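*Asks:* First, the structure itself, so that you have it in front of you.
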2 protein chains.
Amino acid sequence: MEIKSRIWIEKDGKPFIGFGKIQLLKMVDEEHSISAAAKRLNMSYKKAWNLLNDMELLAEQPLLVKYIGGKSGGSTTLTAYGKALIKTFDALNNKCETFLNKEFKPETHGIY
Amino acid sequence: MEIKSRIWIEKDGKPFIGFGKIQLLKMVDEEHSISAAAKRLNMSYKKAWNLLNDMELLAEQPLLVKYIGGKSGGSTTLTAYGKALIKTFDALNNKCETFLNKEFKPETHGIY
DNA sequence: TAGCGTTATGTCTTATCGAATATAGCGAAT
DNA sequence: ATTCGCTATATTCGATAAGACATAACGCTA
């Protein structure tokens, strides 16, 4: 018996960042490529692109620097703002999880 | 810009209780009827029944006391254990939300 | 004993979402 | 100029989930 959680940040009532999108951002940061990131996360390129696009549309600063064409066909890297988002979210998520684990002890609640 | 969260409790890796199921339990508690609760939550009787059944199968103590037939066709009420679940979950959820709201101040993270 | 409203459960259809497919543009390298 | 791999974007297709529908058991009431 364990407690789980998902947190996300909304903007104008619309989902801005959450677990999946942050994971995707991390992969893009590592791979310097949307398609490679999508592959590693076992999702279609289109889905990854849509998720990133949704974020970008909601953000007031760009998250990604994209190059089309070039020696390897293209590339995508994160802006400082994009990297900051990852850090912020991870920190918050960790805090939340440790808080909940400390708070939730099945026995003390009479749940078996 | 605001932070949102969903918490749930798992048992053997399977979802036991979460936001929706707790909401349903509350309605059943008020209505003394699965069908009436489903109606108020705008879901089909079958869906409500399935959700409740899933919980019951995972719980080690019964959550519901059901009567079939009778003057109004039947009824369903909560056991003490069922009511305890609601209380526990609500308390935990509230704590989590206030914690996150206190923790998350967009400005301090540089998120605009 | 016929009717009613509820719980109980299976089946069948519909709707939604994601995946696959298709097509185009780009720019460096050869 | 041609090729290549990536970004970009619309459209079609299929699988899965949600919902509608159907049917039965039950026991009180009239």
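Each chain of the structure tokens is named A, B, ... in the order shown, its residues numbered from 1; ligands are numbered from 1 in display order.
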Up to 8 Å from chain C, what residues of chain B turn up? Count only C-alpha atoms (C1' of nucleotides) and give them as a ChimeraX atom specification.

*Replies:* /B:35,66-69,72-75

*Asks:* Go ahead and write the selection's residues with all heavy atoms as a CSV table (one decimal), in the first residue's frame.

*Replies:*
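Output below, filename again.csv:
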chain,number,residue,atom,x,y,z
B,35,SER,N,-27.2,3.9,-8.0
B,35,SER,CA,-27.8,4.5,-9.2
B,35,SER,C,-28.0,6.0,-9.0
B,35,SER,O,-27.7,6.8,-10.0
B,35,SER,CB,-29.1,3.8,-9.6
B,35,SER,OG,-30.1,4.1,-8.7
B,66,LYS,N,-25.0,-3.6,0.7
B,66,LYS,CA,-26.0,-3.5,-0.3
B,66,LYS,C,-27.2,-4.4,-0.1
B,66,LYS,O,-27.1,-5.5,0.4
B,66,LYS,CB,-25.4,-4.0,-1.7
B,66,LYS,CG,-24.1,-3.2,-2.0
B,66,LYS,CD,-23.4,-3.8,-3.2
B,66,LYS,CE,-22.2,-3.1,-3.6
B,66,LYS,NZ,-21.4,-3.7,-4.6
B,67,TYR,N,-28.4,-3.8,-0.4
B,67,TYR,CA,-29.6,-4.6,-0.3
B,67,TYR,C,-30.3,-4.6,-1.7
B,67,TYR,O,-30.4,-3.5,-2.3
B,67,TYR,CB,-30.6,-4.0,0.7
B,67,TYR,CG,-30.0,-4.0,2.1
B,67,TYR,CD1,-29.5,-2.9,2.7
B,67,TYR,CD2,-30.1,-5.2,2.9
B,67,TYR,CE1,-29.0,-3.0,4.0
B,67,TYR,CE2,-29.6,-5.3,4.2
B,67,TYR,CZ,-29.1,-4.1,4.7
B,67,TYR,OH,-28.6,-4.2,6.0
B,68,ILE,N,-30.7,-5.8,-2.1
B,68,ILE,CA,-31.4,-5.9,-3.4
B,68,ILE,C,-32.8,-6.2,-3.1
B,68,ILE,O,-33.2,-7.0,-2.3
B,68,ILE,CB,-30.8,-7.0,-4.3
B,68,ILE,CG1,-29.3,-6.9,-4.4
B,68,ILE,CG2,-31.5,-7.0,-5.6
B,68,ILE,CD1,-28.7,-8.0,-5.2
B,69,GLY,N,-33.7,-5.5,-3.8
B,69,GLY,CA,-35.1,-5.6,-3.6
B,69,GLY,C,-35.6,-4.8,-2.4
B,69,GLY,O,-34.8,-4.0,-1.9
B,72,SER,N,-38.0,0.2,-1.9
B,72,SER,CA,-37.6,1.1,-2.9
B,72,SER,C,-36.7,0.5,-3.9
B,72,SER,O,-35.9,1.1,-4.6
B,72,SER,CB,-36.9,2.3,-2.3
B,72,SER,OG,-35.7,1.9,-1.6
B,73,GLY,N,-36.8,-0.9,-4.0
B,73,GLY,CA,-36.0,-1.6,-5.0
B,73,GLY,C,-34.6,-2.0,-4.4
B,73,GLY,O,-34.1,-3.0,-4.9
B,74,GLY,N,-34.1,-1.3,-3.5
B,74,GLY,CA,-32.8,-1.7,-2.9
B,74,GLY,C,-32.1,-0.5,-2.4
B,74,GLY,O,-32.6,0.6,-2.5
B,75,SER,N,-30.9,-0.7,-1.8
B,75,SER,CA,-30.2,0.4,-1.3
B,75,SER,C,-28.7,0.0,-1.0
B,75,SER,O,-28.4,-1.1,-1.0
B,75,SER,CB,-30.8,0.9,0.0
B,75,SER,OG,-30.5,0.0,1.0

*Asks:* Quick one: chain B onto chain A, least squares on all Cα paired in order, result as a CSV table (one decimal) with N, CA, C and O atoms, in the first residue's frame?

*Replies:*
chain,number,residue,atom,x,y,z
B,1,MET,N,0.8,-1.2,0.1
B,1,MET,CA,0.0,0.0,0.1
B,1,MET,C,0.9,1.2,0.1
B,1,MET,O,1.6,1.5,1.0
B,2,GLU,N,0.7,2.0,-1.0
B,2,GLU,CA,1.6,3.2,-1.1
B,2,GLU,C,0.9,4.3,-1.7
B,2,GLU,O,-0.1,4.1,-2.5
B,3,ILE,N,1.3,5.5,-1.3
B,3,ILE,CA,0.7,6.7,-1.9
B,3,ILE,C,1.5,7.2,-3.1
B,3,ILE,O,2.7,7.2,-3.2
B,4,LYS,N,0.7,7.6,-4.1
B,4,LYS,CA,1.3,8.1,-5.3
B,4,LYS,C,0.7,9.5,-5.6
B,4,LYS,O,-0.3,9.9,-5.1
B,5,SER,N,1.4,10.2,-6.5
B,5,SER,CA,0.9,11.6,-6.8
B,5,SER,C,1.4,12.0,-8.2
B,5,SER,O,2.4,11.5,-8.7
B,6,ARG,N,0.6,12.9,-8.7
B,6,ARG,CA,1.0,13.6,-9.9
B,6,ARG,C,0.8,15.1,-9.7
B,6,ARG,O,-0.3,15.4,-9.3
B,7,ILE,N,1.8,15.9,-10.0
B,7,ILE,CA,1.5,17.3,-10.0
B,7,ILE,C,1.7,17.9,-11.3
B,7,ILE,O,2.4,17.3,-12.2
B,8,TRP,N,1.1,19.0,-11.6
B,8,TRP,CA,1.2,19.7,-12.8
B,8,TRP,C,1.0,21.2,-12.6
B,8,TRP,O,0.3,21.6,-11.7
B,9,ILE,N,1.5,22.0,-13.5
B,9,ILE,CA,1.3,23.4,-13.4
B,9,ILE,C,0.3,23.9,-14.6
B,9,ILE,O,0.6,23.5,-15.7
B,10,GLU,N,-0.7,24.6,-14.2
B,10,GLU,CA,-1.6,25.1,-15.2
B,10,GLU,C,-1.5,26.6,-15.5
B,10,GLU,O,-1.0,27.3,-14.6
B,11,LYS,N,-1.8,27.0,-16.7
B,11,LYS,CA,-1.8,28.4,-17.0
B,11,LYS,C,-3.1,28.7,-17.7
B,11,LYS,O,-3.5,28.1,-18.7
B,12,ASP,N,-3.9,29.7,-17.2
B,12,ASP,CA,-5.2,30.0,-17.8
B,12,ASP,C,-6.1,28.7,-17.8
B,12,ASP,O,-6.8,28.5,-18.7
B,13,GLY,N,-5.9,27.9,-16.8
B,13,GLY,CA,-6.7,26.7,-16.7
B,13,GLY,C,-6.3,25.5,-17.6
B,13,GLY,O,-6.9,24.5,-17.6
B,14,LYS,N,-5.2,25.8,-18.4
B,14,LYS,CA,-4.8,24.8,-19.4
B,14,LYS,C,-3.5,24.2,-18.9
B,14,LYS,O,-2.6,24.9,-18.3
B,15,PRO,N,-3.3,22.9,-19.0
B,15,PRO,CA,-2.1,22.2,-18.5
B,15,PRO,C,-0.9,22.7,-19.2
B,15,PRO,O,-0.8,22.7,-20.5
B,16,PHE,N,0.1,23.2,-18.4
B,16,PHE,CA,1.3,23.7,-19.0
B,16,PHE,C,2.4,22.7,-18.9
B,16,PHE,O,2.9,22.2,-20.0
B,17,ILE,N,2.9,22.3,-17.7
B,17,ILE,CA,3.8,21.3,-17.7
B,17,ILE,C,3.4,20.2,-16.7
B,17,ILE,O,2.7,20.5,-15.7
B,18,GLY,N,3.8,19.0,-16.9
B,18,GLY,CA,3.5,17.9,-16.0
B,18,GLY,C,4.6,16.8,-16.2
B,18,GLY,O,5.6,17.1,-16.8
B,19,PHE,N,4.3,15.7,-15.6
B,19,PHE,CA,5.3,14.6,-15.6
B,19,PHE,C,5.8,14.3,-17.0
B,19,PHE,O,7.0,14.3,-17.3
B,20,GLY,N,4.9,14.0,-17.9
B,20,GLY,CA,5.3,13.5,-19.2
B,20,GLY,C,6.0,14.5,-20.0
B,20,GLY,O,7.1,14.2,-20.7
B,21,LYS,N,5.6,15.8,-20.0
B,21,LYS,CA,6.2,16.8,-20.8
B,21,LYS,C,7.6,17.1,-20.2
B,21,LYS,O,8.6,17.4,-21.0
B,22,ILE,N,7.8,17.0,-18.9
B,22,ILE,CA,9.1,17.3,-18.3
B,22,ILE,C,10.1,16.2,-18.7
B,22,ILE,O,11.2,16.4,-19.1
B,23,GLN,N,9.6,15.0,-18.7
B,23,GLN,CA,10.4,13.8,-19.1
B,23,GLN,C,10.8,14.0,-20.6
B,23,GLN,O,12.0,13.8,-20.9
B,24,LEU,N,9.9,14.5,-21.4
B,24,LEU,CA,10.2,14.7,-22.8
B,24,LEU,C,11.3,15.8,-22.9
B,24,LEU,O,12.3,15.7,-23.7
B,25,LEU,N,11.1,16.9,-22.2
B,25,LEU,CA,12.1,18.0,-22.2
B,25,LEU,C,13.5,17.4,-21.9
B,25,LEU,O,14.5,17.8,-22.5
B,26,LYS,N,13.6,16.6,-20.9
B,26,LYS,CA,14.9,16.0,-20.4
B,26,LYS,C,15.5,15.3,-21.6
B,26,LYS,O,16.7,15.4,-21.8
B,27,MET,N,14.7,14.5,-22.2
B,27,MET,CA,15.2,13.7,-23.3
B,27,MET,C,15.8,14.5,-24.5
B,27,MET,O,16.8,14.3,-25.1
B,28,VAL,N,15.0,15.6,-24.8
B,28,VAL,CA,15.4,16.5,-25.8
B,28,VAL,C,16.8,17.1,-25.4
B,28,VAL,O,17.7,17.3,-26.3
B,29,ASP,N,16.9,17.4,-24.2
B,29,ASP,CA,18.1,18.1,-23.7
B,29,ASP,C,19.3,17.1,-23.8
B,29,ASP,O,20.4,17.5,-24.2
B,30,GLU,N,19.0,15.8,-23.6
B,30,GLU,CA,20.1,14.9,-23.8
B,30,GLU,C,20.4,14.5,-25.2
B,30,GLU,O,21.6,14.4,-25.6
B,31,GLU,N,19.4,14.4,-26.0
B,31,GLU,CA,19.6,14.0,-27.4
B,31,GLU,C,19.8,15.1,-28.4
B,31,GLU,O,20.2,14.8,-29.5
B,32,HIS,N,19.5,16.3,-28.0
B,32,HIS,CA,19.5,17.4,-29.0
B,32,HIS,C,18.7,17.1,-30.2
B,32,HIS,O,19.0,17.5,-31.3
B,33,SER,N,17.6,16.4,-30.0
B,33,SER,CA,16.8,16.0,-31.1
B,33,SER,C,15.4,15.6,-30.7
B,33,SER,O,15.3,14.8,-29.7
B,34,ILE,N,14.4,16.1,-31.3
B,34,ILE,CA,13.0,15.7,-30.9
B,34,ILE,C,12.8,14.3,-31.3
B,34,ILE,O,12.2,13.5,-30.6
B,35,SER,N,13.2,14.0,-32.5
B,35,SER,CA,12.9,12.6,-33.0
B,35,SER,C,13.6,11.5,-32.2
B,35,SER,O,13.0,10.5,-31.9
B,36,ALA,N,14.8,11.8,-31.8
B,36,ALA,CA,15.6,10.8,-31.0
B,36,ALA,C,14.9,10.7,-29.6
B,36,ALA,O,14.8,9.6,-29.1
B,37,ALA,N,14.5,11.9,-29.1
B,37,ALA,CA,13.8,11.9,-27.8
B,37,ALA,C,12.5,11.0,-27.8
B,37,ALA,O,12.2,10.2,-26.9
B,38,ALA,N,11.8,11.3,-28.9
B,38,ALA,CA,10.5,10.5,-29.0
B,38,ALA,C,10.8,9.0,-29.1
B,38,ALA,O,10.1,8.2,-28.5
B,39,LYS,N,11.8,8.7,-29.9
B,39,LYS,CA,12.1,7.3,-30.0
B,39,LYS,C,12.5,6.7,-28.6
B,39,LYS,O,12.0,5.6,-28.3
B,40,ARG,N,13.3,7.3,-27.9
B,40,ARG,CA,13.6,6.8,-26.6
B,40,ARG,C,12.4,6.7,-25.6
B,40,ARG,O,12.4,5.8,-24.7
B,41,LEU,N,11.5,7.5,-25.8
B,41,LEU,CA,10.3,7.5,-24.9
B,41,LEU,C,9.2,6.6,-25.6
B,41,LEU,O,8.1,6.6,-25.1
B,42,ASN,N,9.5,6.0,-26.7
B,42,ASN,CA,8.6,5.1,-27.3
B,42,ASN,C,7.3,5.8,-27.7
B,42,ASN,O,6.2,5.3,-27.6
B,43,MET,N,7.4,7.1,-28.2
B,43,MET,CA,6.2,7.7,-28.7
B,43,MET,C,6.6,8.2,-30.1
B,43,MET,O,7.7,8.3,-30.5
B,44,SER,N,5.5,8.5,-30.9
B,44,SER,CA,5.7,9.0,-32.2
B,44,SER,C,6.3,10.4,-32.2
B,44,SER,O,6.1,11.1,-31.3
B,45,TYR,N,7.0,10.7,-33.3
B,45,TYR,CA,7.5,12.0,-33.4
B,45,TYR,C,6.4,13.1,-33.3
B,45,TYR,O,6.6,14.1,-32.7
B,46,LYS,N,5.3,12.7,-34.0
B,46,LYS,CA,4.2,13.7,-34.0
B,46,LYS,C,3.7,14.0,-32.6
B,46,LYS,O,3.4,15.1,-32.2
B,47,LYS,N,3.6,13.0,-31.8
B,47,LYS,CA,3.1,13.2,-30.5
B,47,LYS,C,4.0,14.1,-29.7
B,47,LYS,O,3.6,15.0,-29.0
B,48,ALA,N,5.3,13.8,-29.8
B,48,ALA,CA,6.3,14.5,-29.1
B,48,ALA,C,6.2,16.0,-29.5
B,48,ALA,O,6.2,16.9,-28.7
B,49,TRP,N,6.2,16.2,-30.8
B,49,TRP,CA,6.1,17.5,-31.4
B,49,TRP,C,4.9,18.3,-30.8
B,49,TRP,O,5.0,19.4,-30.5
B,50,ASN,N,3.8,17.6,-30.8
B,50,ASN,CA,2.5,18.2,-30.3
B,50,ASN,C,2.7,18.7,-28.9
B,50,ASN,O,2.3,19.8,-28.5
B,51,LEU,N,3.2,17.8,-28.0
B,51,LEU,CA,3.4,18.1,-26.6
B,51,LEU,C,4.3,19.3,-26.5
B,51,LEU,O,4.0,20.3,-25.7
B,52,LEU,N,5.4,19.3,-27.2
B,52,LEU,CA,6.3,20.5,-27.1
B,52,LEU,C,5.7,21.7,-27.6
B,52,LEU,O,5.8,22.8,-27.0
B,53,ASN,N,4.9,21.6,-28.7
B,53,ASN,CA,4.3,22.8,-29.3
B,53,ASN,C,3.3,23.4,-28.3
B,53,ASN,O,3.2,24.6,-28.1
B,54,ASP,N,2.5,22.5,-27.6
B,54,ASP,CA,1.5,23.0,-26.7
B,54,ASP,C,2.2,23.8,-25.6
B,54,ASP,O,1.7,24.8,-25.1
B,55,MET,N,3.3,23.3,-25.1
B,55,MET,CA,4.1,24.0,-24.1
B,55,MET,C,4.5,25.4,-24.6
B,55,MET,O,4.4,26.4,-23.9
B,56,GLU,N,5.1,25.3,-25.7
B,56,GLU,CA,5.7,26.5,-26.3
B,56,GLU,C,4.6,27.6,-26.5
B,56,GLU,O,4.9,28.8,-26.2
B,57,LEU,N,3.4,27.2,-26.9
B,57,LEU,CA,2.4,28.2,-27.2
B,57,LEU,C,1.9,28.8,-25.9
B,57,LEU,O,1.5,30.0,-25.9
B,58,LEU,N,2.0,28.1,-24.8
B,58,LEU,CA,1.6,28.6,-23.5
B,58,LEU,C,2.7,29.4,-22.8
B,58,LEU,O,2.4,30.3,-22.0
B,59,ALA,N,3.9,29.1,-23.0
B,59,ALA,CA,5.0,29.8,-22.4
B,59,ALA,C,5.2,31.2,-22.9
B,59,ALA,O,4.9,31.4,-24.1
B,60,GLU,N,5.7,32.0,-22.1
B,60,GLU,CA,5.9,33.4,-22.5
B,60,GLU,C,7.3,33.6,-23.1
B,60,GLU,O,7.7,34.6,-23.7
B,61,GLN,N,8.2,32.6,-22.8
B,61,GLN,CA,9.5,32.6,-23.3
B,61,GLN,C,9.7,31.3,-24.1
B,61,GLN,O,9.1,30.3,-23.7
B,62,PRO,N,10.5,31.4,-25.1
B,62,PRO,CA,10.8,30.1,-25.9
B,62,PRO,C,11.5,29.1,-25.0
B,62,PRO,O,12.3,29.4,-24.2
B,63,LEU,N,11.2,27.8,-25.2
B,63,LEU,CA,11.8,26.7,-24.5
B,63,LEU,C,12.8,26.0,-25.3
B,63,LEU,O,13.7,25.4,-24.8
B,64,LEU,N,12.7,26.1,-26.6
B,64,LEU,CA,13.5,25.3,-27.5
B,64,LEU,C,14.2,26.2,-28.6
B,64,LEU,O,13.6,27.2,-29.0
B,65,VAL,N,15.3,25.7,-29.0
B,65,VAL,CA,16.0,26.3,-30.1
B,65,VAL,C,16.1,25.3,-31.2
B,65,VAL,O,16.8,24.3,-31.0
B,66,LYS,N,15.5,25.5,-32.3
B,66,LYS,CA,15.4,24.4,-33.3
B,66,LYS,C,16.1,24.8,-34.6
B,66,LYS,O,16.0,26.0,-35.0
B,67,TYR,N,16.8,23.9,-35.1
B,67,TYR,CA,17.5,24.1,-36.4
B,67,TYR,C,17.0,23.1,-37.4
B,67,TYR,O,17.0,21.9,-37.1
B,68,ILE,N,16.5,23.5,-38.6
B,68,ILE,CA,16.1,22.6,-39.6
B,68,ILE,C,17.2,22.6,-40.7
B,68,ILE,O,17.7,23.6,-41.1
B,69,GLY,N,17.5,21.3,-41.1
B,69,GLY,CA,18.5,21.2,-42.1
B,69,GLY,C,19.9,21.1,-41.5
B,69,GLY,O,20.0,21.1,-40.3
B,70,GLY,N,20.9,21.1,-42.3
B,70,GLY,CA,22.3,21.0,-41.7
B,70,GLY,C,22.8,19.6,-41.8
B,70,GLY,O,22.2,18.7,-42.3
B,71,LYS,N,24.0,19.5,-41.2
B,71,LYS,CA,24.8,18.3,-41.4
B,71,LYS,C,24.1,17.0,-40.9
B,71,LYS,O,24.2,15.9,-41.5
B,72,SER,N,23.3,17.1,-39.9
B,72,SER,CA,22.6,15.9,-39.4
B,72,SER,C,21.1,16.0,-39.6
B,72,SER,O,20.4,15.4,-38.9
B,73,GLY,N,20.7,16.9,-40.5
B,73,GLY,CA,19.3,17.1,-40.8
B,73,GLY,C,18.7,18.2,-39.9
B,73,GLY,O,17.7,18.8,-40.3
B,74,GLY,N,19.2,18.4,-38.7
B,74,GLY,CA,18.6,19.4,-37.9
B,74,GLY,C,18.9,19.1,-36.4
B,74,GLY,O,19.5,18.1,-36.1
B,75,SER,N,18.5,19.9,-35.5
B,75,SER,CA,18.7,19.7,-34.1
B,75,SER,C,17.8,20.6,-33.3
B,75,SER,O,17.2,21.6,-33.7
B,76,THR,N,17.6,20.2,-32.0
B,76,THR,CA,16.8,21.0,-31.1
B,76,THR,C,17.5,20.9,-29.7
B,76,THR,O,17.8,19.9,-29.2
B,77,THR,N,17.7,22.1,-29.2
B,77,THR,CA,18.2,22.2,-27.8
B,77,THR,C,17.3,23.1,-26.9
B,77,THR,O,16.4,23.7,-27.4
B,78,LEU,N,17.6,23.0,-25.6
B,78,LEU,CA,16.8,23.8,-24.7
B,78,LEU,C,17.4,25.2,-24.4
B,78,LEU,O,18.6,25.3,-24.4
B,79,THR,N,16.5,26.1,-24.2
B,79,THR,CA,16.9,27.4,-23.7
B,79,THR,C,17.2,27.3,-22.2
B,79,THR,O,16.8,26.3,-21.6
B,80,ALA,N,17.7,28.4,-21.7
B,80,ALA,CA,18.0,28.4,-20.2
B,80,ALA,C,16.6,28.3,-19.5
B,80,ALA,O,16.5,27.6,-18.5
B,81,TYR,N,15.6,28.9,-20.1
B,81,TYR,CA,14.3,28.9,-19.5
B,81,TYR,C,13.8,27.4,-19.5
B,81,TYR,O,13.2,27.0,-18.5
B,82,GLY,N,14.0,26.7,-20.6
B,82,GLY,CA,13.5,25.3,-20.6
B,82,GLY,C,14.2,24.5,-19.6
B,82,GLY,O,13.5,23.7,-18.9
B,83,LYS,N,15.5,24.7,-19.4
B,83,LYS,CA,16.2,23.9,-18.4
B,83,LYS,C,15.7,24.3,-17.0
B,83,LYS,O,15.7,23.5,-16.1
B,84,ALA,N,15.4,25.6,-16.8
B,84,ALA,CA,14.9,26.0,-15.5
B,84,ALA,C,13.6,25.3,-15.1
B,84,ALA,O,13.4,25.0,-14.0
B,85,LEU,N,12.8,25.2,-16.1
B,85,LEU,CA,11.5,24.5,-15.9
B,85,LEU,C,11.7,23.1,-15.4
B,85,LEU,O,11.0,22.7,-14.4
B,86,ILE,N,12.6,22.4,-16.0
B,86,ILE,CA,12.9,21.0,-15.5
B,86,ILE,C,13.3,21.0,-14.0
B,86,ILE,O,12.8,20.3,-13.2
B,87,LYS,N,14.2,21.9,-13.7
B,87,LYS,CA,14.7,22.0,-12.3
B,87,LYS,C,13.6,22.3,-11.4
B,87,LYS,O,13.5,21.6,-10.3
B,88,THR,N,12.8,23.3,-11.7
B,88,THR,CA,11.8,23.7,-10.8
B,88,THR,C,10.8,22.6,-10.6
B,88,THR,O,10.4,22.3,-9.4
B,89,PHE,N,10.4,21.9,-11.7
B,89,PHE,CA,9.4,20.9,-11.6
B,89,PHE,C,9.9,19.7,-10.8
B,89,PHE,O,9.2,19.2,-9.9
B,90,ASP,N,11.1,19.3,-11.1
B,90,ASP,CA,11.7,18.2,-10.3
B,90,ASP,C,11.8,18.4,-8.8
B,90,ASP,O,11.5,17.6,-8.0
B,91,ALA,N,12.2,19.6,-8.5
B,91,ALA,CA,12.4,20.0,-7.1
B,91,ALA,C,11.0,19.9,-6.4
B,91,ALA,O,10.9,19.3,-5.3
B,92,LEU,N,10.1,20.5,-7.0
B,92,LEU,CA,8.7,20.5,-6.5
B,92,LEU,C,8.2,19.1,-6.3
B,92,LEU,O,7.6,18.7,-5.3
B,93,ASN,N,8.4,18.3,-7.3
B,93,ASN,CA,7.9,16.9,-7.3
B,93,ASN,C,8.5,16.1,-6.2
B,93,ASN,O,7.8,15.4,-5.5
B,94,ASN,N,9.8,16.3,-6.1
B,94,ASN,CA,10.5,15.5,-5.0
B,94,ASN,C,10.0,15.9,-3.6
B,94,ASN,O,9.7,15.1,-2.8
B,95,LYS,N,9.8,17.2,-3.4
B,95,LYS,CA,9.3,17.7,-2.2
B,95,LYS,C,8.0,17.1,-1.9
B,95,LYS,O,7.7,16.7,-0.7
B,96,CYS,N,7.1,17.1,-2.9
B,96,CYS,CA,5.8,16.6,-2.7
B,96,CYS,C,5.8,15.1,-2.3
B,96,CYS,O,5.1,14.7,-1.4
B,97,GLU,N,6.6,14.4,-3.0
B,97,GLU,CA,6.6,12.9,-2.7
B,97,GLU,C,7.1,12.6,-1.3
B,97,GLU,O,6.6,11.8,-0.6
B,98,THR,N,8.2,13.3,-0.9
B,98,THR,CA,8.7,13.0,0.4
B,98,THR,C,7.7,13.5,1.4
B,98,THR,O,7.5,12.8,2.5
B,99,PHE,N,7.0,14.5,1.2
B,99,PHE,CA,6.0,15.0,2.1
B,99,PHE,C,4.9,14.0,2.3
B,99,PHE,O,4.5,13.6,3.4
B,100,LEU,N,4.4,13.5,1.2
B,100,LEU,CA,3.3,12.5,1.2
B,100,LEU,C,3.7,11.2,1.9
B,100,LEU,O,3.0,10.6,2.7
B,101,ASN,N,4.9,10.8,1.6
B,101,ASN,CA,5.4,9.5,2.2
B,101,ASN,C,5.5,9.6,3.7
B,101,ASN,O,5.3,8.7,4.4
B,102,LYS,N,5.9,10.8,4.1
B,102,LYS,CA,6.1,11.1,5.5
B,102,LYS,C,4.7,11.1,6.2
B,102,LYS,O,4.5,10.7,7.3
B,103,GLU,N,3.8,11.7,5.4
B,103,GLU,CA,2.4,12.0,6.0
B,103,GLU,C,1.6,10.7,6.0
B,103,GLU,O,0.7,10.6,6.9
B,104,PHE,N,1.8,9.8,5.1
B,104,PHE,CA,0.9,8.7,4.9
B,104,PHE,C,1.5,7.4,5.5
B,104,PHE,O,2.4,6.8,4.9
B,105,LYS,N,0.9,7.0,6.6
B,105,LYS,CA,1.3,5.7,7.2
B,105,LYS,C,0.0,5.0,7.4
B,105,LYS,O,-0.8,5.3,8.3
B,106,PRO,N,-0.3,4.0,6.5
B,106,PRO,CA,-1.5,3.2,6.5
B,106,PRO,C,-2.0,2.9,7.9
B,106,PRO,O,-3.2,3.1,8.2
B,107,GLU,N,-1.2,2.4,8.8
B,107,GLU,CA,-1.6,1.9,10.1
B,107,GLU,C,-2.2,3.0,10.9
B,107,GLU,O,-3.3,2.7,11.5
B,108,THR,N,-1.6,4.1,10.9
B,108,THR,CA,-2.2,5.2,11.7
B,108,THR,C,-3.5,5.7,11.2
B,108,THR,O,-4.2,6.4,11.9
B,109,HIS,N,-3.9,5.3,10.0
B,109,HIS,CA,-5.2,5.7,9.5
B,109,HIS,C,-6.2,4.6,9.6
B,109,HIS,O,-7.4,4.7,9.2
B,110,GLY,N,-5.7,3.4,10.0
B,110,GLY,CA,-6.6,2.3,10.1
B,110,GLY,C,-7.0,1.7,8.7
B,110,GLY,O,-8.0,1.1,8.5
B,111,ILE,N,-6.1,1.8,7.8
B,111,ILE,CA,-6.3,1.3,6.5
B,111,ILE,C,-5.3,0.1,6.3
B,111,ILE,O,-4.1,0.2,6.4
B,112,TYR,N,-5.9,-1.1,6.1
B,112,TYR,CA,-5.1,-2.3,6.0
B,112,TYR,C,-4.9,-2.8,4.6
B,112,TYR,O,-5.9,-2.9,3.9

*Asks:* Under the rule of at most 6 Å, produce a per-residue listing of chain D near chain B: chain, number, name, the closest pair of atoms, and the distance in Å, as a tab-separated table, using only C-alpha atoms (C1' of nucleotides).

*Replies:*
residue	atom	partner	partner_atom	distance
D:DC26	C1'	B:Gly69	CA	4.6
D:DG27	C1'	B:Gly69	CA	4.3
D:DC28	C1'	B:Gly70	CA	4.3

*Asks:* With C-alpha atoms (C1' of nucleotides) retained, could you export that selection as a PDB file, in the first residue's frame?

*Replies:*
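Final output, saved to result.pdb:
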ATOM      1  C1'  DC D  26     -34.634  -9.625  -5.687  1.00  0.00           C
ATOM      2  C1'  DG D  27     -38.140  -8.411  -2.143  1.00  0.00           C
ATOM      3  C1'  DC D  28     -41.468  -5.094  -0.561  1.00  0.00           C
TER       4       DC D  28
END

*Asks:* So which residues of range 2-86 of chain B fall under alpha helix (DSSP H) by DSSP, listed as an MDAnalysis selection string?

*Replies:* chainID B and resid 19:31 34:40 45:58 80:86

*Asks:* Write down as a ChimeraX atom specification the residues belonging to range 4-41 of chain A that are assigned strand (DSSP E) by DSSP computed on the backbone.

*Replies:* /A:4-11,14-17
